[in-house]
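Asker: Below is the file coords-v6.txt, which contains compact mmCIF, C-alpha atoms and all ligand atoms.
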```
# COMPACT_ATOMS: atom_id res chain seq x y z
CA MET A 138 -86.80 -73.80 58.49
CA GLU A 139 -89.97 -72.88 60.45
CA PHE A 140 -88.33 -69.66 61.48
CA LEU A 141 -87.48 -68.83 57.86
CA LYS A 142 -91.06 -69.56 56.76
CA THR A 143 -92.43 -67.28 59.50
CA CYS A 144 -90.06 -64.52 58.39
CA VAL A 145 -91.15 -64.83 54.77
CA LEU A 146 -94.86 -64.83 55.72
CA ARG A 147 -94.40 -61.80 57.97
CA ARG A 148 -92.50 -59.97 55.24
CA LYS A 149 -95.30 -60.74 52.73
CA ALA A 150 -97.98 -59.57 55.17
CA TRP A 151 -96.05 -56.38 55.95
CA THR A 152 -95.56 -55.68 52.23
CA THR A 153 -99.30 -56.10 51.59
CA VAL A 154 -100.23 -53.79 54.47
CA CYS A 155 -97.68 -51.23 53.25
CA PHE A 156 -98.98 -51.48 49.71
CA TRP A 157 -102.60 -50.73 50.55
CA ARG A 158 -101.69 -48.10 53.13
CA SER A 159 -99.41 -46.50 50.59
CA GLN A 160 -102.08 -46.48 47.88
CA VAL A 161 -104.53 -44.71 50.20
CA ILE A 162 -102.00 -42.15 51.46
CA GLN A 163 -100.62 -41.67 48.00
CA LYS A 164 -104.03 -40.73 46.65
CA LEU A 165 -104.57 -38.30 49.52
CA SER A 166 -101.13 -36.71 49.18
CA VAL A 167 -101.36 -36.66 45.42
CA ARG A 168 -104.52 -34.62 45.74
CA LYS A 169 -102.86 -32.34 48.26
CA ILE A 170 -99.88 -31.48 46.06
CA GLY A 171 -101.90 -31.42 42.87
CA THR A 172 -100.37 -33.81 40.38
CA THR A 173 -101.92 -34.50 36.99
CA SER A 174 -103.17 -38.02 37.79
CA PRO A 175 -104.74 -38.00 41.26
CA ARG A 176 -106.46 -41.42 41.08
CA SER A 177 -103.75 -43.26 39.31
CA THR A 178 -101.86 -46.32 40.52
CA VAL A 179 -99.60 -46.11 37.50
CA MET A 180 -97.28 -43.37 36.31
CA PRO A 181 -95.32 -42.32 33.24
CA ALA A 182 -91.69 -43.51 33.06
CA TRP A 183 -88.88 -44.26 30.64
CA VAL A 184 -87.92 -47.92 31.05
CA ILE A 185 -85.88 -50.63 29.37
CA ASP A 186 -87.02 -54.25 29.02
CA LYS A 187 -83.68 -55.63 27.84
CA TYR A 188 -80.11 -54.53 27.40
CA GLY A 189 -79.12 -52.70 24.30
CA LYS A 190 -78.51 -49.35 22.71
CA ASN A 191 -80.80 -46.36 22.72
CA GLU A 192 -83.61 -48.11 20.86
CA VAL A 193 -84.42 -50.24 23.92
CA LEU A 194 -85.62 -47.14 25.81
CA ARG A 195 -89.42 -47.31 26.00
CA PHE A 196 -91.89 -44.69 27.26
CA THR A 197 -94.80 -46.07 29.26
CA GLN A 198 -97.77 -44.45 30.98
CA ASN A 199 -98.26 -47.64 32.97
CA MET A 200 -95.27 -48.08 35.25
CA ARG A 201 -96.54 -49.12 38.67
CA MET A 202 -96.37 -46.29 41.22
CA PRO A 203 -93.61 -46.93 43.77
CA ILE A 204 -94.76 -47.81 47.27
CA ILE A 205 -93.20 -47.54 50.66
CA HIS A 206 -91.87 -50.95 51.74
CA TYR A 207 -89.84 -49.90 54.75
CA PRO A 208 -90.64 -47.32 57.44
CA ASN A 209 -87.55 -45.22 56.58
CA GLU A 210 -88.55 -44.65 52.95
CA VAL A 211 -89.75 -41.52 51.20
CA ILE A 212 -91.68 -41.12 47.95
CA ILE A 213 -90.56 -38.14 45.87
CA LYS A 214 -92.43 -36.54 43.01
CA VAL A 215 -89.68 -36.05 40.45
CA HIS A 216 -89.39 -32.53 39.00
CA ALA A 217 -86.05 -33.00 37.26
CA THR A 218 -83.40 -35.66 36.79
CA SER A 219 -80.21 -36.05 34.76
CA VAL A 220 -78.41 -38.59 32.59
CA ASN A 221 -75.06 -40.03 33.73
CA PRO A 222 -72.68 -42.38 31.89
CA ILE A 223 -73.89 -45.16 34.22
CA ASP A 224 -77.40 -44.87 32.71
CA VAL A 225 -75.97 -45.52 29.29
CA ASN A 226 -74.00 -48.54 30.58
CA MET A 227 -76.45 -49.88 33.13
CA ARG A 228 -76.81 -53.66 33.48
CA ARG A 229 -79.33 -55.32 35.76
CA GLU A 230 -81.58 -58.34 35.94
CA GLU A 231 -84.96 -56.85 36.86
CA PHE A 232 -87.21 -55.60 34.06
CA PRO A 233 -88.82 -53.26 33.30
CA LEU A 234 -85.98 -51.16 34.66
CA THR A 235 -86.26 -47.41 35.15
CA LEU A 236 -82.96 -45.61 34.55
CA GLY A 237 -81.89 -42.26 36.04
CA ARG A 238 -79.98 -41.73 39.29
CA ASP A 239 -80.55 -38.06 40.14
CA VAL A 240 -83.70 -36.50 41.47
CA SER A 241 -84.79 -33.06 42.52
CA GLY A 242 -88.40 -32.96 43.56
CA VAL A 243 -91.02 -32.75 46.29
CA VAL A 244 -91.73 -35.27 49.07
CA MET A 245 -95.14 -36.90 48.62
CA GLU A 246 -95.17 -39.42 51.41
CA CYS A 247 -92.95 -40.53 54.28
CA GLY A 248 -92.61 -43.88 56.07
CA LEU A 249 -93.39 -43.98 59.79
CA ASP A 250 -89.74 -43.70 60.89
CA VAL A 251 -88.85 -40.70 58.71
CA ARG A 252 -88.09 -37.74 60.98
CA TYR A 253 -86.35 -35.13 58.85
CA PHE A 254 -88.77 -34.81 55.94
CA LYS A 255 -92.47 -34.21 55.50
CA PRO A 256 -94.78 -34.10 52.48
CA GLY A 257 -94.22 -30.91 50.52
CA ASP A 258 -90.47 -30.59 51.33
CA GLU A 259 -88.24 -29.78 48.36
CA VAL A 260 -85.48 -32.41 48.29
CA TRP A 261 -82.67 -33.82 46.17
CA ALA A 262 -81.06 -37.25 46.12
CA ALA A 263 -79.09 -39.75 44.08
CA VAL A 264 -80.54 -43.25 43.98
CA PRO A 265 -78.13 -46.23 44.15
CA PRO A 266 -77.83 -48.30 40.96
CA TRP A 267 -79.58 -51.37 42.45
CA LYS A 268 -82.85 -49.41 42.91
CA GLN A 269 -85.42 -48.31 40.35
CA GLY A 270 -84.38 -44.96 38.90
CA THR A 271 -85.72 -41.47 38.56
CA LEU A 272 -86.81 -41.22 34.92
CA SER A 273 -90.40 -41.48 36.14
CA GLU A 274 -93.03 -39.33 37.79
CA PHE A 275 -92.36 -40.74 41.28
CA VAL A 276 -89.47 -42.54 42.93
CA VAL A 277 -89.04 -44.21 46.32
CA VAL A 278 -85.78 -43.72 48.20
CA SER A 279 -84.49 -44.31 51.73
CA GLY A 280 -84.72 -41.34 54.05
CA ASN A 281 -80.95 -41.48 54.63
CA GLU A 282 -80.34 -40.96 50.89
CA VAL A 283 -82.35 -37.72 50.77
CA SER A 284 -81.41 -34.15 51.61
CA HIS A 285 -83.16 -30.77 51.50
CA LYS A 286 -82.53 -29.20 48.10
CA PRO A 287 -80.24 -26.12 48.10
CA LYS A 288 -82.55 -23.12 48.34
CA SER A 289 -80.59 -21.17 45.76
CA LEU A 290 -81.17 -23.73 42.98
CA THR A 291 -84.17 -24.55 40.82
CA HIS A 292 -85.12 -28.22 40.49
CA THR A 293 -83.51 -28.29 37.04
CA GLN A 294 -80.22 -26.98 38.42
CA ALA A 295 -80.33 -29.21 41.51
CA ALA A 296 -80.90 -32.38 39.45
CA SER A 297 -77.54 -31.87 37.74
CA LEU A 298 -75.53 -32.45 40.89
CA PRO A 299 -76.28 -35.33 43.33
CA TYR A 300 -74.77 -38.36 41.51
CA VAL A 301 -71.61 -36.67 40.27
CA ALA A 302 -71.20 -34.62 43.46
CA LEU A 303 -71.50 -37.70 45.72
CA THR A 304 -69.06 -39.62 43.50
CA ALA A 305 -66.51 -36.81 43.66
CA TRP A 306 -67.14 -36.44 47.42
CA SER A 307 -66.50 -40.14 47.93
CA ALA A 308 -63.22 -39.94 45.98
CA ILE A 309 -61.93 -36.66 47.42
CA ASN A 310 -63.20 -36.70 50.98
CA LYS A 311 -63.97 -40.27 52.02
CA VAL A 312 -61.24 -42.11 50.08
CA GLY A 313 -58.73 -39.27 49.53
CA GLY A 314 -59.09 -37.85 53.05
CA LEU A 315 -59.23 -34.23 51.87
CA ASN A 316 -61.49 -31.73 53.64
CA GLU A 317 -61.94 -28.00 54.18
CA LYS A 318 -59.29 -27.99 56.96
CA ASN A 319 -56.39 -29.78 55.24
CA CYS A 320 -56.47 -28.56 51.63
CA THR A 321 -54.91 -25.11 51.69
CA GLY A 322 -52.12 -24.98 49.12
CA LYS A 323 -52.37 -28.70 48.27
CA ARG A 324 -51.60 -29.43 44.63
CA VAL A 325 -54.50 -31.31 43.05
CA LEU A 326 -54.63 -32.78 39.55
CA ILE A 327 -57.99 -33.60 37.95
CA LEU A 328 -57.90 -35.84 34.87
CA GLY A 329 -61.14 -35.56 32.90
CA ALA A 330 -62.02 -32.15 34.34
CA SER A 331 -64.73 -31.07 31.89
CA GLY A 332 -67.45 -33.70 32.57
CA GLY A 333 -70.00 -34.05 35.35
CA VAL A 334 -67.63 -35.29 38.06
CA GLY A 335 -64.71 -33.08 36.98
CA THR A 336 -66.64 -29.79 36.94
CA PHE A 337 -67.90 -30.50 40.46
CA ALA A 338 -64.47 -31.66 41.71
CA ILE A 339 -62.71 -28.48 40.52
CA GLN A 340 -65.18 -26.34 42.45
CA VAL A 341 -65.04 -28.27 45.70
CA MET A 342 -61.22 -28.28 45.62
CA LYS A 343 -61.20 -24.51 45.06
CA ALA A 344 -63.78 -24.03 47.83
CA TRP A 345 -61.26 -25.79 50.12
CA ASP A 346 -58.40 -23.62 48.90
CA ALA A 347 -56.39 -26.20 46.94
CA HIS A 348 -54.32 -25.44 43.82
CA VAL A 349 -56.05 -27.17 40.90
CA THR A 350 -54.54 -28.40 37.64
CA ALA A 351 -57.26 -29.50 35.22
CA VAL A 352 -56.70 -31.81 32.24
CA CYS A 353 -59.28 -31.50 29.45
CA SER A 354 -59.71 -30.78 25.75
CA GLN A 355 -58.74 -27.33 24.51
CA ASP A 356 -62.33 -26.24 23.89
CA ALA A 357 -63.20 -26.90 27.55
CA SER A 358 -60.37 -24.80 28.96
CA GLY A 359 -62.52 -21.64 29.24
CA LEU A 360 -65.14 -23.59 31.23
CA VAL A 361 -62.70 -25.16 33.70
CA LYS A 362 -60.86 -21.84 34.21
CA LYS A 363 -64.18 -20.15 34.95
CA LEU A 364 -64.83 -22.83 37.58
CA GLY A 365 -61.53 -21.92 39.25
CA ALA A 366 -58.82 -24.20 37.75
CA ASP A 367 -55.40 -22.59 38.24
CA ASP A 368 -53.57 -24.50 35.49
CA VAL A 369 -55.16 -26.13 32.47
CA ILE A 370 -53.51 -28.81 30.33
CA ASP A 371 -54.92 -29.75 26.93
CA TYR A 372 -54.50 -33.51 26.64
CA LYS A 373 -54.93 -33.43 22.88
CA SER A 374 -52.02 -31.11 22.12
CA GLY A 375 -48.78 -33.00 22.61
CA ASN A 376 -47.87 -35.61 25.19
CA VAL A 377 -49.96 -35.00 28.29
CA GLU A 378 -47.62 -36.96 30.56
CA GLU A 379 -44.64 -34.83 29.50
CA GLN A 380 -46.62 -31.62 29.96
CA LEU A 381 -47.63 -32.66 33.48
CA LYS A 382 -44.10 -33.81 34.39
CA SER A 383 -42.88 -30.27 33.81
CA LEU A 384 -45.13 -29.08 36.67
CA LYS A 385 -44.41 -29.49 40.41
CA PRO A 386 -45.51 -32.89 41.79
CA PHE A 387 -49.03 -33.32 43.14
CA ASP A 388 -50.51 -34.17 46.54
CA PHE A 389 -53.70 -35.64 45.12
CA ILE A 390 -54.86 -36.93 41.73
CA LEU A 391 -58.50 -37.59 40.81
CA ASP A 392 -58.66 -39.78 37.70
CA ASN A 393 -62.00 -39.62 35.84
CA VAL A 394 -60.48 -41.04 32.65
CA GLY A 395 -58.88 -44.39 33.52
CA GLY A 396 -57.29 -46.73 30.97
CA SER A 397 -53.63 -46.02 30.33
CA THR A 398 -53.53 -42.93 32.61
CA GLU A 399 -52.88 -45.27 35.51
CA THR A 400 -49.54 -46.35 34.03
CA TRP A 401 -48.02 -42.86 34.26
CA ALA A 402 -50.19 -40.67 36.53
CA LEU A 403 -48.87 -42.09 39.81
CA ASN A 404 -45.35 -40.90 38.88
CA LEU A 405 -46.65 -37.34 39.14
CA LEU A 406 -47.31 -37.64 42.89
CA LYS A 407 -44.96 -36.43 45.67
CA LYS A 408 -43.25 -39.49 47.13
CA TRP A 409 -43.41 -40.55 50.79
CA SER A 410 -45.68 -37.66 51.78
CA GLY A 411 -49.11 -39.32 51.91
CA ALA A 412 -49.90 -38.25 48.32
CA THR A 413 -52.82 -40.20 46.86
CA TYR A 414 -54.11 -41.20 43.42
CA VAL A 415 -57.85 -42.05 43.32
CA THR A 416 -59.47 -43.48 40.23
CA LEU A 417 -63.20 -43.71 39.50
CA VAL A 418 -62.67 -45.98 36.52
CA THR A 419 -62.31 -49.47 37.97
CA PRO A 420 -62.73 -53.00 36.54
CA PHE A 421 -65.32 -53.80 39.27
CA LEU A 422 -68.44 -54.00 37.04
CA LEU A 423 -66.53 -55.52 34.12
CA ASN A 424 -65.24 -58.29 36.39
CA MET A 425 -68.77 -59.00 37.68
CA ASP A 426 -70.15 -59.15 34.14
CA ARG A 427 -67.32 -61.36 32.93
CA LEU A 428 -66.82 -63.69 35.90
CA GLY A 429 -70.08 -63.56 37.89
CA VAL A 430 -70.54 -62.05 41.34
CA ALA A 431 -68.33 -64.29 43.50
CA ASP A 432 -65.35 -64.70 41.13
CA GLY A 433 -65.74 -61.10 39.97
CA MET A 434 -65.50 -59.83 43.56
CA LEU A 435 -62.53 -62.07 44.23
CA GLN A 436 -60.71 -60.93 41.09
CA THR A 437 -61.50 -57.29 41.94
CA GLY A 438 -60.17 -57.71 45.48
CA VAL A 439 -56.94 -59.32 44.25
CA THR A 440 -56.36 -56.60 41.61
CA MET A 441 -57.04 -53.78 44.05
CA GLY A 442 -54.89 -55.32 46.79
CA SER A 443 -51.88 -55.96 44.56
CA LYS A 444 -51.96 -52.47 43.01
CA THR A 445 -52.35 -50.80 46.42
CA LEU A 446 -49.39 -52.75 47.78
CA LYS A 447 -47.19 -52.18 44.73
CA HIS A 448 -47.66 -48.39 44.90
CA PHE A 449 -47.37 -48.31 48.70
CA TRP A 450 -43.79 -49.62 48.39
CA GLN A 451 -43.11 -46.82 45.89
CA GLY A 452 -44.18 -44.17 48.42
CA VAL A 453 -47.63 -43.21 47.10
CA HIS A 454 -51.21 -44.32 47.78
CA TYR A 455 -53.35 -45.96 45.11
CA ARG A 456 -57.14 -46.12 45.67
CA TRP A 457 -60.44 -46.83 43.93
CA ALA A 458 -63.57 -44.84 44.69
CA PHE A 459 -67.26 -45.41 44.05
CA PHE A 460 -70.46 -43.41 44.16
CA MET A 461 -72.04 -43.46 47.63
CA ALA A 462 -75.69 -42.50 48.17
CA SER A 463 -75.86 -40.24 51.23
CA GLY A 464 -78.27 -37.56 52.40
CA LEU A 465 -75.71 -36.43 54.98
CA TYR A 466 -73.03 -35.69 52.37
CA LEU A 467 -75.66 -33.97 50.23
CA ASP A 468 -76.42 -31.71 53.23
CA ASP A 469 -72.73 -30.63 53.23
CA ILE A 470 -72.82 -30.13 49.47
CA ALA A 471 -76.07 -28.11 49.69
CA LYS A 472 -74.34 -25.80 52.16
CA LEU A 473 -71.46 -25.17 49.73
CA VAL A 474 -74.00 -24.54 46.94
CA ASP A 475 -76.03 -22.06 49.00
CA GLU A 476 -72.79 -20.28 49.99
CA GLY A 477 -72.18 -19.74 46.27
CA LYS A 478 -69.06 -21.96 46.22
CA ILE A 479 -70.49 -24.59 43.86
CA GLN A 480 -72.44 -23.78 40.68
CA PRO A 481 -74.36 -26.36 38.68
CA VAL A 482 -72.81 -26.83 35.23
CA ILE A 483 -75.57 -27.73 32.79
CA GLU A 484 -74.67 -28.28 29.17
CA LYS A 485 -78.14 -29.09 27.87
CA THR A 486 -81.67 -29.58 29.21
CA PHE A 487 -84.22 -31.88 27.56
CA PRO A 488 -87.97 -32.25 28.18
CA PHE A 489 -89.25 -35.62 29.49
CA SER A 490 -90.56 -36.45 26.01
CA GLU A 491 -86.98 -36.35 24.63
CA VAL A 492 -85.17 -38.79 26.92
CA PRO A 493 -83.75 -40.86 24.00
CA GLU A 494 -82.19 -37.70 22.54
CA ALA A 495 -80.63 -36.94 25.94
CA PHE A 496 -79.20 -40.49 26.12
CA LEU A 497 -77.77 -40.13 22.61
CA LYS A 498 -76.05 -36.95 23.68
CA VAL A 499 -74.45 -38.57 26.73
CA GLU A 500 -73.52 -41.66 24.70
CA ARG A 501 -71.60 -39.49 22.22
CA GLY A 502 -69.31 -38.34 25.06
CA HIS A 503 -67.41 -35.02 25.22
CA ALA A 504 -69.63 -33.78 28.06
CA ARG A 505 -69.18 -30.23 29.27
CA GLY A 506 -70.98 -30.52 32.58
CA LYS A 507 -74.36 -32.26 32.78
CA THR A 508 -77.36 -33.24 30.66
CA VAL A 509 -80.59 -32.64 32.58
CA ILE A 510 -84.17 -33.81 32.02
CA ASN A 511 -87.13 -31.72 33.12
CA VAL A 512 -89.78 -34.23 34.15
CA ILE A 513 -92.51 -31.65 34.79
N1 LIG A 601 -66.74 -45.46 40.28
C1 LIG A 601 -67.96 -44.91 40.28
O1 LIG A 601 -68.82 -45.20 41.14
C2 LIG A 601 -68.25 -43.86 39.25
C3 LIG A 601 -69.32 -42.98 39.44
C4 LIG A 601 -69.51 -41.97 38.48
C5 LIG A 601 -68.69 -41.91 37.36
N2 LIG A 601 -67.71 -42.84 37.22
C6 LIG A 601 -66.84 -42.79 36.03
O2 LIG A 601 -66.08 -41.60 36.10
C7 LIG A 601 -65.86 -41.10 34.80
C8 LIG A 601 -66.28 -39.63 34.74
O3 LIG A 601 -67.69 -39.53 34.93
P1 LIG A 601 -68.45 -38.25 34.41
O4 LIG A 601 -69.88 -38.39 34.85
O5 LIG A 601 -67.72 -37.01 34.79
O6 LIG A 601 -68.34 -38.46 32.82
P2 LIG A 601 -68.63 -37.42 31.65
O7 LIG A 601 -69.59 -36.39 32.17
O8 LIG A 601 -68.97 -38.20 30.47
O9 LIG A 601 -67.23 -36.67 31.44
C9 LIG A 601 -66.07 -37.26 30.97
C10 LIG A 601 -65.17 -36.09 30.52
O10 LIG A 601 -63.84 -36.54 30.30
C11 LIG A 601 -63.33 -35.90 29.12
N3 LIG A 601 -62.23 -36.74 28.63
C12 LIG A 601 -62.31 -37.86 27.88
N4 LIG A 601 -61.08 -38.38 27.69
C13 LIG A 601 -60.22 -37.58 28.36
C14 LIG A 601 -58.80 -37.60 28.56
N5 LIG A 601 -58.05 -38.58 28.04
N6 LIG A 601 -58.25 -36.64 29.31
C15 LIG A 601 -59.02 -35.66 29.87
N7 LIG A 601 -60.35 -35.57 29.72
C16 LIG A 601 -60.94 -36.54 28.98
C17 LIG A 601 -64.55 -35.80 28.20
O11 LIG A 601 -64.45 -34.73 27.26
P3 LIG A 601 -63.61 -34.86 25.87
O12 LIG A 601 -63.77 -36.27 25.39
O13 LIG A 601 -64.24 -33.88 24.93
O14 LIG A 601 -62.22 -34.49 26.23
C18 LIG A 601 -65.64 -35.44 29.22
O15 LIG A 601 -65.73 -34.04 29.45
C19 LIG A 601 -66.63 -42.00 33.84
O16 LIG A 601 -65.74 -42.95 33.30
C20 LIG A 601 -67.63 -42.69 34.72
O17 LIG A 601 -68.00 -43.96 34.23
C21 LIG A 601 -67.46 -43.81 38.11
```
Translate the structure of the given file into structure tokens.
Ligand SMILES: NC(=O)c1ccc[n+]([C@@H]2O[C@H](COP(=O)([O-])OP(=O)(O)OC[C@H]3O[C@@H](n4cnc5c(N)ncnc54)[C@H](OP(=O)(O)O)[C@@H]3O)[C@@H](O)[C@H]2O)c1
Answerer:
Amino acid sequence: MEFLKTCVLRRKAWTTVCFWRSQVIQKLSVRKIGTTSPRSTVMPAWVIDKYGKNEVLRFTQNMRMPIIHYPNEVIIKVHATSVNPIDVNMRREEFPLTLGRDVSGVVMECGLDVRYFKPGDEVWAAVPPWKQGTLSEFVVVSGNEVSHKPKSLTHTQAASLPYVALTAWSAINKVGGLNEKNCTGKRVLILGASGGVGTFAIQVMKAWDAHVTAVCSQDASGLVKKLGADDVIDYKSGNVEEQLKSLKPFDFILDNVGGSTETWALNLLKKWSGATYVTLVTPFLLNMDRLGVADGMLQTGVTMGSKTLKHFWQGVHYRWAFFMASGLYLDDIAKLVDEGKIQPVIEKTFPFSEVPEAFLKVERGHARGKTVINVI
């Protein structure tokens, strides 16, 4: 008990020291980089105070500036961010909550242990969902979540990529085991190819020399072909399962759609050859909401385990994938971008004053790439 008390007291003391140190440094660095509010301890942000539809989004000039709590953290001045479906569906307990996962911006301040970044560096990152988001003037992130922004992109372009790119990277590379050395000639199917994740996934698969079949609406077929898709299937004209069955079987399927696709898509894989189906649409968050954390995790584990086993006996691999925040993976992605192998796909850009309009757009669905917000 004594030990616990000491820990808590130390943590409080450390937080206080960090806070005041951060305020001083922040003011100095703010002056150096020339923001609009050099003496401020508050900043503009779009926040929510309760769950709900678009009307719960609130603009405030008085969100407390983020501070460095741990020595590995970095404060970024946000130049641009984007809206992802997760922002529209976000659920959390701490209010006011700032939404927004992506950031492209400039480092303002670094914790004592940060080695790879310094104030003034242009960086990009995707912030995990349990942290305050990027629809604000400044955001604090861990140094290991940050990467130097691709030199060939503007902040607006760069902000369109981190969250969807890291999600696709997690599914394709970390869970699916695909990489630049083992993809040549592999047959890849992407379900939901025209949105944020899909448009990135097509490009990375083509960069690694795979054969890509993209499933999307007819009006998106020009876009996905331009990004490199070899075959395009319109899921709205006729039975998509039948259309796909007439093609050769696949080595890898990335499912960005979920729902009933799972009942037929695994039959499109080559059997007993290591072929893998990875879905990004999982019941994980639903289970947590419905059953609470412990039972939700248990239910999720049981569902995932039984599906994996069932498909394993049928000669194919079944997996779930999740977004992973990682500066290291973003370094790899930045390299592909600067080599010209990945282009940002931006459908629409909104100014910071029009965040609710941007949310409405994402809420309506039918994305063709990304919706970006210019913060400055
Ligand atoms: N597991 C995770 O950590 C994680 C992380 C990121 C995203 N996700 C999930 O992954 C999914 C994709 O994310 P995103 O950011 O790419 O979403 P998005 O930008 O909204 O794109 C979804 C795309 O799918 C298309 N679509 C809808 N129904 C389709 C169907 N039956 N067949 C083919 N295409 C269809 C939509 O266009 P049309 O409706 O016009 O066809 C749209 O272009 C979302 O469900 C998201 O929640 C999960």
Asker: Record the distance separating atom C9 of ligand LIG 601 (chain A) and atom CA of A:Thr235, expressed in Å with one decimal.
Answerer: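 Atom CA of A:Thr235 lies at a distance of 23.0 Å from atom C9 of ligand LIG 601 (chain A).
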Asker: As a quick test: using only C-alpha atoms and all ligand atoms, which residues lie no more than 8 Å away from ligand LIG 601 (chain A)? Give them as an mmCIF file with C-alpha atoms, in the frame of the given file.
Answerer:
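Output saved as selection.cif:
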```
data_model
loop_
_atom_site.group_PDB
_atom_site.id
_atom_site.type_symbol
_atom_site.label_atom_id
_atom_site.label_comp_id
_atom_site.auth_asym_id
_atom_site.auth_seq_id
_atom_site.Cartn_x
_atom_site.Cartn_y
_atom_site.Cartn_z
ATOM 1 C CA ASN A 221 -75.060 -40.030 33.730
ATOM 2 C CA PRO A 222 -72.680 -42.380 31.890
ATOM 3 C CA ILE A 223 -73.890 -45.160 34.220
ATOM 4 C CA TYR A 300 -74.770 -38.360 41.510
ATOM 5 C CA VAL A 301 -71.610 -36.670 40.270
ATOM 6 C CA THR A 304 -69.060 -39.620 43.500
ATOM 7 C CA ALA A 305 -66.510 -36.810 43.660
ATOM 8 C CA LEU A 328 -57.900 -35.840 34.870
ATOM 9 C CA GLY A 329 -61.140 -35.560 32.900
ATOM 10 C CA ALA A 330 -62.020 -32.150 34.340
ATOM 11 C CA SER A 331 -64.730 -31.070 31.890
ATOM 12 C CA GLY A 332 -67.450 -33.700 32.570
ATOM 13 C CA GLY A 333 -70.000 -34.050 35.350
ATOM 14 C CA VAL A 334 -67.630 -35.290 38.060
ATOM 15 C CA GLY A 335 -64.710 -33.080 36.980
ATOM 16 C CA THR A 336 -66.640 -29.790 36.940
ATOM 17 C CA VAL A 352 -56.700 -31.810 32.240
ATOM 18 C CA CYS A 353 -59.280 -31.500 29.450
ATOM 19 C CA SER A 354 -59.710 -30.780 25.750
ATOM 20 C CA ASP A 356 -62.330 -26.240 23.890
ATOM 21 C CA ALA A 357 -63.200 -26.900 27.550
ATOM 22 C CA ASP A 371 -54.920 -29.750 26.930
ATOM 23 C CA TYR A 372 -54.500 -33.510 26.640
ATOM 24 C CA LYS A 373 -54.930 -33.430 22.880
ATOM 25 C CA ASP A 392 -58.660 -39.780 37.700
ATOM 26 C CA ASN A 393 -62.000 -39.620 35.840
ATOM 27 C CA VAL A 394 -60.480 -41.040 32.650
ATOM 28 C CA GLY A 395 -58.880 -44.390 33.520
ATOM 29 C CA THR A 398 -53.530 -42.930 32.610
ATOM 30 C CA THR A 416 -59.470 -43.480 40.230
ATOM 31 C CA LEU A 417 -63.200 -43.710 39.500
ATOM 32 C CA VAL A 418 -62.670 -45.980 36.520
ATOM 33 C CA THR A 419 -62.310 -49.470 37.970
ATOM 34 C CA TRP A 457 -60.440 -46.830 43.930
ATOM 35 C CA ALA A 458 -63.570 -44.840 44.690
ATOM 36 C CA PHE A 459 -67.260 -45.410 44.050
ATOM 37 C CA PHE A 460 -70.460 -43.410 44.160
ATOM 38 C CA MET A 461 -72.040 -43.460 47.630
ATOM 39 C CA VAL A 499 -74.450 -38.570 26.730
ATOM 40 C CA GLY A 502 -69.310 -38.340 25.060
ATOM 41 C CA HIS A 503 -67.410 -35.020 25.220
ATOM 42 C CA ALA A 504 -69.630 -33.780 28.060
ATOM 43 C CA ARG A 505 -69.180 -30.230 29.270
ATOM 44 C CA GLY A 506 -70.980 -30.520 32.580
ATOM 45 C CA LYS A 507 -74.360 -32.260 32.780
#
```
Asker: In the coordinate frame of the file, compute which residues have an atom within 12 Å of (-93.2, -25.8, 50.7) when using only C-alpha atoms, and state them as a ChimeraX atom specification.
Answerer: /A:169-170,242-245,254-260,285-286,288
Asker: With C-alpha atoms retained, export the selected residues as an mmCIF file, in the coordinates of the input.
Answerer:
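Contents of the output file selection.cif:
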```
data_model
loop_
_atom_site.group_PDB
_atom_site.id
_atom_site.type_symbol
_atom_site.label_atom_id
_atom_site.label_comp_id
_atom_site.auth_asym_id
_atom_site.auth_seq_id
_atom_site.Cartn_x
_atom_site.Cartn_y
_atom_site.Cartn_z
ATOM 1 C CA LYS A 169 -102.860 -32.340 48.260
ATOM 2 C CA ILE A 170 -99.880 -31.480 46.060
ATOM 3 C CA GLY A 242 -88.400 -32.960 43.560
ATOM 4 C CA VAL A 243 -91.020 -32.750 46.290
ATOM 5 C CA VAL A 244 -91.730 -35.270 49.070
ATOM 6 C CA MET A 245 -95.140 -36.900 48.620
ATOM 7 C CA PHE A 254 -88.770 -34.810 55.940
ATOM 8 C CA LYS A 255 -92.470 -34.210 55.500
ATOM 9 C CA PRO A 256 -94.780 -34.100 52.480
ATOM 10 C CA GLY A 257 -94.220 -30.910 50.520
ATOM 11 C CA ASP A 258 -90.470 -30.590 51.330
ATOM 12 C CA GLU A 259 -88.240 -29.780 48.360
ATOM 13 C CA VAL A 260 -85.480 -32.410 48.290
ATOM 14 C CA HIS A 285 -83.160 -30.770 51.500
ATOM 15 C CA LYS A 286 -82.530 -29.200 48.100
ATOM 16 C CA LYS A 288 -82.550 -23.120 48.340
#
```
Asker: Could you tell me how far atom CA of A:Phe337 lies from atom CA of A:Gly452, in Å and to one decimal?
Answerer: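 Distance between the two atoms: 28.5 Å.
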Asker: For A:Ile470, which residue among A:Asp250, A:Ile204, A:Pro181, A:Trp306 is the nearest when counting all atoms listed in the file?
Answerer: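 Ranking A:Asp250, A:Ile204, A:Pro181, A:Trp306 by distance to A:Ile470, first place goes to A:Trp306.
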